[in-house]
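Chemist: What follows is target-v6.txt, made up of compact mmCIF, C-alpha atoms:
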```txt
# COMPACT_ATOMS: atom_id res chain seq x y z
CA MET A 1 89.30 117.11 103.80
CA ILE A 2 86.04 117.92 105.54
CA ASN A 3 83.40 119.93 103.69
CA ALA A 4 82.84 123.42 105.10
CA THR A 5 79.07 122.85 105.19
CA LYS A 6 78.36 121.92 108.78
CA PRO A 7 75.76 119.18 109.10
CA PRO A 8 72.76 120.18 111.21
CA ARG A 9 71.67 118.16 114.20
CA SER A 10 68.48 116.20 113.73
CA ARG A 11 65.74 115.40 116.21
CA PHE A 12 66.34 111.67 115.79
CA THR A 13 68.03 109.35 118.29
CA ARG A 14 69.48 105.84 118.37
CA ARG A 15 65.96 104.54 118.96
CA SER A 16 64.58 106.09 115.76
CA THR A 17 63.77 103.68 112.95
CA ALA A 18 64.46 103.89 109.24
CA GLU A 19 60.75 104.41 108.61
CA GLU A 20 60.61 107.26 111.11
CA VAL A 21 63.60 109.15 109.68
CA THR A 22 62.23 108.95 106.12
CA ALA A 23 58.62 109.78 106.99
CA GLY A 24 57.14 112.25 104.52
CA ILE A 25 60.05 111.97 102.06
CA ASP A 26 58.96 111.26 98.47
CA LEU A 27 61.59 109.28 96.55
CA ARG A 28 59.53 108.68 93.41
CA GLY A 29 61.70 109.16 90.32
CA LYS A 30 64.89 108.45 92.24
CA THR A 31 67.18 105.43 91.96
CA ALA A 32 69.07 103.92 94.88
CA LEU A 33 71.73 101.21 94.67
CA ILE A 34 72.26 99.18 97.84
CA THR A 35 74.89 96.48 98.33
CA GLY A 36 74.09 93.58 100.64
CA CYS A 37 70.37 94.00 99.99
CA ASN A 38 69.37 90.45 100.88
CA SER A 39 69.62 90.59 104.67
CA GLY A 40 70.00 92.74 107.76
CA LEU A 41 70.49 96.45 107.36
CA GLY A 42 70.67 96.23 103.58
CA PHE A 43 67.28 94.56 103.30
CA GLU A 44 65.63 96.98 105.73
CA THR A 45 67.14 99.93 103.87
CA MET A 46 65.87 98.55 100.58
CA ARG A 47 62.41 97.90 102.00
CA VAL A 48 62.05 101.40 103.45
CA LEU A 49 63.44 103.32 100.46
CA ALA A 50 61.32 101.29 98.05
CA GLY A 51 58.33 102.06 100.23
CA ARG A 52 59.08 105.77 99.78
CA GLY A 53 58.92 105.33 96.02
CA ALA A 54 62.57 104.86 95.01
CA THR A 55 63.57 102.41 92.31
CA ILE A 56 66.04 100.11 94.02
CA ILE A 57 68.99 98.37 92.41
CA GLY A 58 69.41 95.63 94.98
CA ALA A 59 72.85 94.02 94.88
CA ALA A 60 73.64 90.73 96.59
CA ARG A 61 76.37 88.14 96.26
CA THR A 62 74.29 86.20 93.73
CA LEU A 63 71.47 87.16 91.40
CA GLU A 64 69.27 84.52 93.02
CA LYS A 65 69.69 86.11 96.48
CA ALA A 66 69.00 89.55 95.06
CA ARG A 67 65.85 88.33 93.30
CA GLU A 68 64.56 86.55 96.39
CA ALA A 69 65.10 89.67 98.51
CA GLY A 70 63.48 91.93 95.95
CA ALA A 71 60.42 89.70 95.79
CA ARG A 72 59.84 90.37 99.51
CA VAL A 73 59.69 94.14 99.02
CA ASP A 74 56.69 96.24 98.10
CA GLY A 75 58.15 98.43 95.37
CA GLN A 76 60.31 98.36 92.26
CA VAL A 77 63.54 96.38 92.72
CA ILE A 78 66.08 95.60 90.04
CA PRO A 79 68.23 92.66 91.22
CA ALA A 80 71.97 92.66 90.63
CA ALA A 81 74.79 90.23 91.40
CA CYS A 82 77.81 91.78 93.11
CA GLU A 83 80.28 89.59 94.97
CA LEU A 84 82.53 92.24 96.49
CA SER A 85 85.44 89.85 97.06
CA ASP A 86 85.46 89.07 93.32
CA LEU A 87 86.48 92.17 91.41
CA ASP A 88 85.39 90.65 88.11
CA SER A 89 81.90 90.32 89.60
CA VAL A 90 82.01 93.93 90.84
CA ALA A 91 83.09 95.20 87.43
CA ALA A 92 80.38 93.17 85.68
CA CYS A 93 77.75 94.50 88.07
CA ALA A 94 78.81 98.09 87.42
CA ASP A 95 78.82 97.49 83.67
CA GLU A 96 75.25 96.18 83.75
CA ILE A 97 74.11 99.19 85.76
CA ASN A 98 75.95 101.59 83.45
CA LYS A 99 74.17 100.07 80.47
CA ARG A 100 70.91 101.34 81.90
CA GLY A 101 72.24 104.86 81.43
CA GLN A 102 70.24 106.32 84.30
CA PRO A 103 71.51 108.58 87.07
CA ILE A 104 72.04 107.05 90.51
CA ASP A 105 70.65 109.34 93.18
CA VAL A 106 71.85 107.24 96.11
CA LEU A 107 74.64 104.65 96.31
CA ILE A 108 74.76 102.91 99.69
CA CYS A 109 77.87 100.79 100.29
CA ASN A 110 76.31 98.58 102.96
CA ALA A 111 77.60 95.03 102.50
CA GLY A 112 80.50 93.67 104.50
CA ILE A 113 82.08 90.86 106.47
CA MET A 114 83.43 90.96 110.01
CA ALA A 115 86.14 89.31 112.09
CA LEU A 116 86.99 86.26 109.99
CA PRO A 117 88.52 83.92 112.62
CA GLU A 118 91.31 82.73 110.34
CA LEU A 119 93.29 84.69 107.78
CA GLN A 120 91.72 84.45 104.34
CA GLN A 121 93.26 86.02 101.27
CA LYS A 122 92.42 86.75 97.66
CA TYR A 123 94.41 88.76 95.12
CA GLY A 124 97.10 88.71 97.81
CA LEU A 125 94.92 90.80 100.13
CA GLU A 126 93.32 90.10 103.48
CA MET A 127 89.66 89.30 102.83
CA GLN A 128 88.03 91.99 105.02
CA PHE A 129 90.07 94.75 103.38
CA LEU A 130 89.24 93.33 99.96
CA THR A 131 85.52 92.86 100.56
CA ASN A 132 84.64 95.82 102.74
CA HIS A 133 86.90 98.39 101.11
CA LEU A 134 88.40 97.49 97.74
CA GLY A 135 85.25 95.90 96.29
CA HIS A 136 83.27 99.04 97.11
CA PHE A 137 86.14 101.21 95.85
CA VAL A 138 85.86 99.58 92.43
CA LEU A 139 82.06 99.73 92.40
CA VAL A 140 81.91 103.41 93.36
CA ASN A 141 84.58 104.47 90.88
CA ARG A 142 82.95 102.61 88.00
CA LEU A 143 79.57 104.18 88.80
CA LEU A 144 80.76 107.65 89.78
CA ASP A 145 79.62 109.27 86.55
CA ARG A 146 76.07 107.95 87.15
CA VAL A 147 76.08 109.49 90.63
CA LYS A 148 77.37 112.80 89.28
CA GLU A 149 74.57 112.85 86.71
CA ALA A 150 71.93 112.91 89.45
CA PRO A 151 70.64 116.32 90.57
CA ALA A 152 72.19 115.73 94.01
CA GLY A 153 73.80 112.29 94.03
CA ARG A 154 74.73 110.84 97.41
CA ILE A 155 77.22 108.14 98.32
CA VAL A 156 76.81 106.62 101.78
CA MET A 157 79.62 104.45 103.14
CA VAL A 158 78.67 102.14 106.00
CA SER A 159 81.70 102.37 108.26
CA SER A 160 81.66 101.55 111.97
CA LEU A 161 82.71 102.70 115.40
CA GLY A 162 85.14 99.81 114.90
CA HIS A 163 87.28 102.19 112.84
CA TYR A 164 88.67 103.40 116.19
CA THR A 165 90.15 99.94 116.85
CA SER A 166 92.17 99.47 113.69
CA VAL A 167 95.71 98.13 113.44
CA ALA A 168 98.64 100.16 114.73
CA GLY A 169 99.07 103.26 112.58
CA GLY A 170 95.51 103.11 111.24
CA ILE A 171 96.20 101.44 107.88
CA ASN A 172 99.19 99.11 107.75
CA PHE A 173 100.13 99.52 104.10
CA ASN A 174 102.96 97.03 104.60
CA ASN A 175 100.63 94.24 105.73
CA LEU A 176 97.45 94.48 103.64
CA SER A 177 97.87 90.77 103.01
CA GLY A 178 97.67 89.99 106.73
CA GLU A 179 100.63 87.63 106.43
CA LYS A 180 102.87 89.40 108.93
CA ARG A 181 100.25 89.39 111.67
CA TYR A 182 96.51 88.87 111.55
CA VAL A 183 94.09 89.83 114.34
CA PRO A 184 90.42 89.43 113.26
CA PHE A 185 88.84 92.46 114.91
CA LEU A 186 91.79 94.78 114.25
CA PHE A 187 91.64 93.94 110.57
CA TYR A 188 87.90 94.51 110.61
CA GLY A 189 88.62 97.90 112.15
CA GLN A 190 91.18 98.59 109.44
CA SER A 191 88.60 97.86 106.73
CA LYS A 192 86.06 100.16 108.41
CA LEU A 193 88.67 102.91 108.74
CA ALA A 194 89.36 102.42 105.04
CA ASN A 195 85.64 102.96 104.34
CA LEU A 196 85.71 106.25 106.24
CA LEU A 197 88.97 107.45 104.70
CA MET A 198 87.65 106.59 101.25
CA SER A 199 84.48 108.60 101.88
CA ASN A 200 86.48 111.61 103.05
CA GLU A 201 88.85 111.52 100.09
CA LEU A 202 85.94 110.98 97.71
CA SER A 203 84.22 114.02 99.19
CA ARG A 204 87.31 116.08 98.45
CA ARG A 205 87.34 114.83 94.86
CA LEU A 206 83.65 115.64 94.44
CA LYS A 207 83.90 119.21 95.74
CA ASP A 208 83.27 120.76 92.32
CA SER A 209 80.27 118.54 91.60
CA ARG A 210 76.74 118.26 92.96
CA ALA A 211 77.50 114.83 94.45
CA THR A 212 78.35 114.16 98.08
CA SER A 213 79.93 111.38 100.11
CA ASN A 214 79.41 110.69 103.82
CA ALA A 215 80.09 107.75 106.12
CA ILE A 216 78.02 106.33 108.96
CA HIS A 217 78.12 104.07 112.00
CA PRO A 218 74.88 102.02 112.11
CA GLY A 219 75.17 100.99 115.77
CA ILE A 220 75.52 97.67 117.51
CA ILE A 221 73.02 95.32 115.93
CA LYS A 222 72.66 91.56 115.87
CA THR A 223 72.79 90.68 112.17
CA ALA A 224 74.44 88.04 110.00
CA LEU A 225 77.55 90.23 110.03
CA GLY A 226 78.58 88.64 113.33
CA ARG A 227 78.24 85.07 112.11
CA ASN A 228 82.00 84.46 112.28
CA ILE A 229 82.65 85.30 115.93
CA GLY A 230 81.29 82.08 117.45
CA ASN A 231 78.24 81.36 119.61
CA ILE A 232 79.85 81.87 123.03
CA ARG A 233 81.56 85.13 122.11
CA ALA A 234 78.43 86.32 120.33
CA THR A 235 76.27 85.65 123.39
CA PHE A 236 78.78 87.40 125.65
CA ALA A 237 78.97 90.38 123.31
CA GLU A 238 75.18 90.55 123.12
CA LEU A 239 74.89 90.68 126.90
CA LEU A 240 77.54 93.40 127.19
CA SER A 241 76.06 95.50 124.42
CA TRP A 242 72.41 95.15 125.44
CA PRO A 243 72.14 98.68 126.97
CA VAL A 244 73.29 100.29 123.69
CA SER A 245 72.21 97.76 121.09
CA ARG A 246 69.36 98.36 118.70
CA SER A 247 67.04 96.56 116.30
CA ILE A 248 67.66 96.20 112.58
CA GLU A 249 64.92 98.77 111.99
CA GLN A 250 66.82 101.21 114.21
CA GLY A 251 70.22 100.23 112.81
CA ALA A 252 69.16 101.10 109.26
CA ALA A 253 68.00 104.56 110.32
CA THR A 254 71.28 106.45 110.00
CA GLN A 255 72.09 105.30 106.48
CA CYS A 256 68.52 106.02 105.38
CA TYR A 257 68.68 109.46 107.02
CA VAL A 258 71.99 110.38 105.39
CA ALA A 259 70.77 109.03 102.04
CA THR A 260 67.51 110.99 101.98
CA SER A 261 67.32 113.92 104.39
CA PRO A 262 66.75 117.23 102.54
CA ALA A 263 68.82 118.92 105.27
CA LEU A 264 71.95 117.07 104.10
CA GLU A 265 71.80 117.85 100.39
CA ALA A 266 74.98 119.96 100.43
CA VAL A 267 76.72 118.11 103.28
CA SER A 268 79.76 116.02 102.38
CA GLY A 269 82.83 114.52 104.02
CA HIS A 270 81.23 113.86 107.39
CA TYR A 271 80.60 110.89 109.67
CA PHE A 272 77.23 110.19 111.28
CA ALA A 273 75.91 108.01 114.09
CA ASP A 274 72.38 107.98 115.51
CA CYS A 275 71.33 110.26 112.62
CA ASN A 276 73.63 113.03 113.84
CA PRO A 277 77.21 114.18 113.24
CA ALA A 278 79.73 112.07 115.14
CA ARG A 279 83.42 112.32 116.00
CA MET A 280 85.93 110.50 113.80
CA SER A 281 89.17 108.99 115.06
CA ALA A 282 92.39 110.92 114.55
CA HIS A 283 93.40 108.51 111.78
CA ALA A 284 90.08 109.06 109.99
CA GLN A 285 90.77 112.81 109.96
CA ASP A 286 94.21 112.38 108.39
CA PRO A 287 94.03 113.70 104.78
CA GLU A 288 97.45 112.29 103.91
CA MET A 289 96.40 108.80 104.96
CA ALA A 290 93.18 109.15 102.97
CA ALA A 291 95.06 110.26 99.86
CA ARG A 292 97.59 107.45 100.24
CA LEU A 293 94.85 104.85 100.65
CA TRP A 294 93.17 106.12 97.50
CA SER A 295 96.43 105.93 95.55
CA VAL A 296 97.24 102.42 96.84
CA SER A 297 93.68 101.26 96.09
CA GLU A 298 93.97 102.56 92.53
CA LYS A 299 97.13 100.53 92.04
CA LEU A 300 95.67 97.38 93.61
CA ALA A 301 92.56 97.55 91.43
CA ALA A 302 94.11 99.15 88.36
CA GLU A 303 92.77 96.65 85.84
CA TYR A 304 89.22 97.05 87.17
CA LEU A 305 88.98 100.84 87.13
```
Go ahead and render the structure in this file as structure tokens.

Modeler:
Amino acid sequence: MINATKPPRSRFTRRSTAEEVTAGIDLRGKTALITGCNSGLGFETMRVLAGRGATIIGAARTLEKAREAGARVDGQVIPAACELSDLDSVAACADEINKRGQPIDVLICNAGIMALPELQQKYGLEMQFLTNHLGHFVLVNRLLDRVKEAPAGRIVMVSSLGHYTSVAGGINFNNLSGEKRYVPFLFYGQSKLANLLMSNELSRRLKDSRATSNAIHPGIIKTALGRNIGNIRATFAELLSWPVSRSIEQGAATQCYVATSPALEAVSGHYFADCNPARMSAHAQDPEMAARLWSVSEKLAAEYL
């Protein structure tokens, strides 16, 4: 499951910023697609990569949000609408990008939702699993040929340390709807484990190509992602996490590093935190679970692939 190419350790730390880890890297002539480009880590990633010369396809839930975000960036940004919880929207977004016929050098699956307080469902699936995992699964698969066409295409999945705190068994394939029992943070963890398992399985499937897939943990950052956990809990969490928390500029560093570092060109199937290789949970290292998730995801999204 894991690529034999061992990722090198970098000199960067959790206090490094996205600008620092991309310093001196020339991205002119390259195209990067970023989901969730309109705020938080997605916007900072877009801003920094555009500043290094990349053409950005900035995807947000609506075209208006994507355009507004792009207008605040110094560089070339192509706005795109991609509502990850609406698979028709995801498919339409991919179709528009495919029409351009250009290789995608970097595809960063950044957008997500966290800890919805009440169970929400669509297509019979729990919303975090749908949005964080299945929406990106459809997007990546529909654009995979564009990534493979790049000289060294990279897919970066934004997972989380939260993948350690998933539901019992890692992925509960018998309760993807959440109807049997729903616990907000455990289901968030399940969706982040799904991101990591998808990246690992994708890496295996890309082994005979020039493309790579890696996953990252951005760190503990105060962004709009935590808007659902409530003011009191958010304040408490902020106080507890203060010693290890970081700014948005620091939080975007790892995905920018994995997306652009020349040292990682042949590295695939790994998990990074603080711009360095990190340990995955036992479930994340399970190739059978990764293969099963891929197969189940194909069936769930069959008409969109």

Chemist: Would you kindly return, as an mmCIF file with C-alpha atoms, in the coordinates of the input, each protein, DNA or RNA residue with an atom no farther than 6 Å from any atom of region 100-114 of chain A, considering only C-alpha atoms and excluding same-chain residues fewer than 4 positions away?

Modeler:
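Dumped everything to part11.cif:
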```cif
data_model
loop_
_atom_site.group_PDB
_atom_site.id
_atom_site.type_symbol
_atom_site.label_atom_id
_atom_site.label_comp_id
_atom_site.auth_asym_id
_atom_site.auth_seq_id
_atom_site.Cartn_x
_atom_site.Cartn_y
_atom_site.Cartn_z
ATOM 1 C CA LYS A 30 64.890 108.450 92.240
ATOM 2 C CA THR A 31 67.180 105.430 91.960
ATOM 3 C CA ALA A 32 69.070 103.920 94.880
ATOM 4 C CA LEU A 33 71.730 101.210 94.670
ATOM 5 C CA ILE A 34 72.260 99.180 97.840
ATOM 6 C CA THR A 35 74.890 96.480 98.330
ATOM 7 C CA GLY A 36 74.090 93.580 100.640
ATOM 8 C CA ASN A 132 84.640 95.820 102.740
ATOM 9 C CA ARG A 146 76.070 107.950 87.150
ATOM 10 C CA VAL A 147 76.080 109.490 90.630
ATOM 11 C CA GLU A 149 74.570 112.850 86.710
ATOM 12 C CA ALA A 150 71.930 112.910 89.450
ATOM 13 C CA GLY A 153 73.800 112.290 94.030
ATOM 14 C CA ARG A 154 74.730 110.840 97.410
ATOM 15 C CA ILE A 155 77.220 108.140 98.320
ATOM 16 C CA VAL A 156 76.810 106.620 101.780
ATOM 17 C CA MET A 157 79.620 104.450 103.140
ATOM 18 C CA VAL A 158 78.670 102.140 106.000
ATOM 19 C CA TYR A 188 87.900 94.510 110.610
ATOM 20 C CA LEU A 225 77.550 90.230 110.030
#
```

Chemist: Mind checking which residues fall within 12 Å of Asn172 (chain A), counting only C-alpha atoms, ignoring those fewer than 4 positions away in the same chain, and posting them as a PyMOL selection string?

Modeler: chain A and resi 126+129+166-168+176-182+186-187+189-191+193-194+283+289+292-293+296

Chemist: Kindly give the distance, in Å, that separates CA of Gly53 (chain A) and CA of Val258 (chain A), rounded to a single decimal.

Modeler: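 We find that CA of Gly53 (chain A) and CA of Val258 (chain A) lie 16.9 Å from each other.
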
Chemist: Any idea what's packed within 9 Å of region 95-97 of chain A, counting only C-alpha atoms, ignoring anything in its chain fewer than 6 positions away? Could you give it as a list in words?

Modeler: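 Residues near the query, excluding close chain neighbours: Ile57, Ala80, Arg142 and Leu143 of chain A.
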
Chemist: Using only C-alpha atoms for the distances, tell me which of A:Thr131, A:Ala18, A:Ile216, A:Ala60 is nearest to Arg279 (chain A).

Modeler: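 Closest to Arg279 (chain A), using only C-alpha atoms: A:Ile216.
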
Chemist: Compare A:Gln255, A:Ser297, A:Asn174, A:Ser247 by their minimum atom-to-atom distance to Met198 (chain A), counting only C-alpha atoms, and give me the closest one.

Modeler: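 Nearest to Met198 (chain A): A:Ser297.
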
Chemist: Distance CA of Asp286 (chain A)-CA of Ser203 (chain A), one decimal place?

Modeler: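 According to the coordinates, CA of Asp286 (chain A) and CA of Ser203 (chain A) are separated by 13.7 Å.
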
Chemist: Ranking A:Ala69, A:Val77, A:Ile171, A:Ala152 by minimum distance to Thr260 (chain A) and counting all atoms listed in the file, which one comes first?

Modeler: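 The shortest atom-to-atom distance to Thr260 (chain A) comes from A:Ala152.
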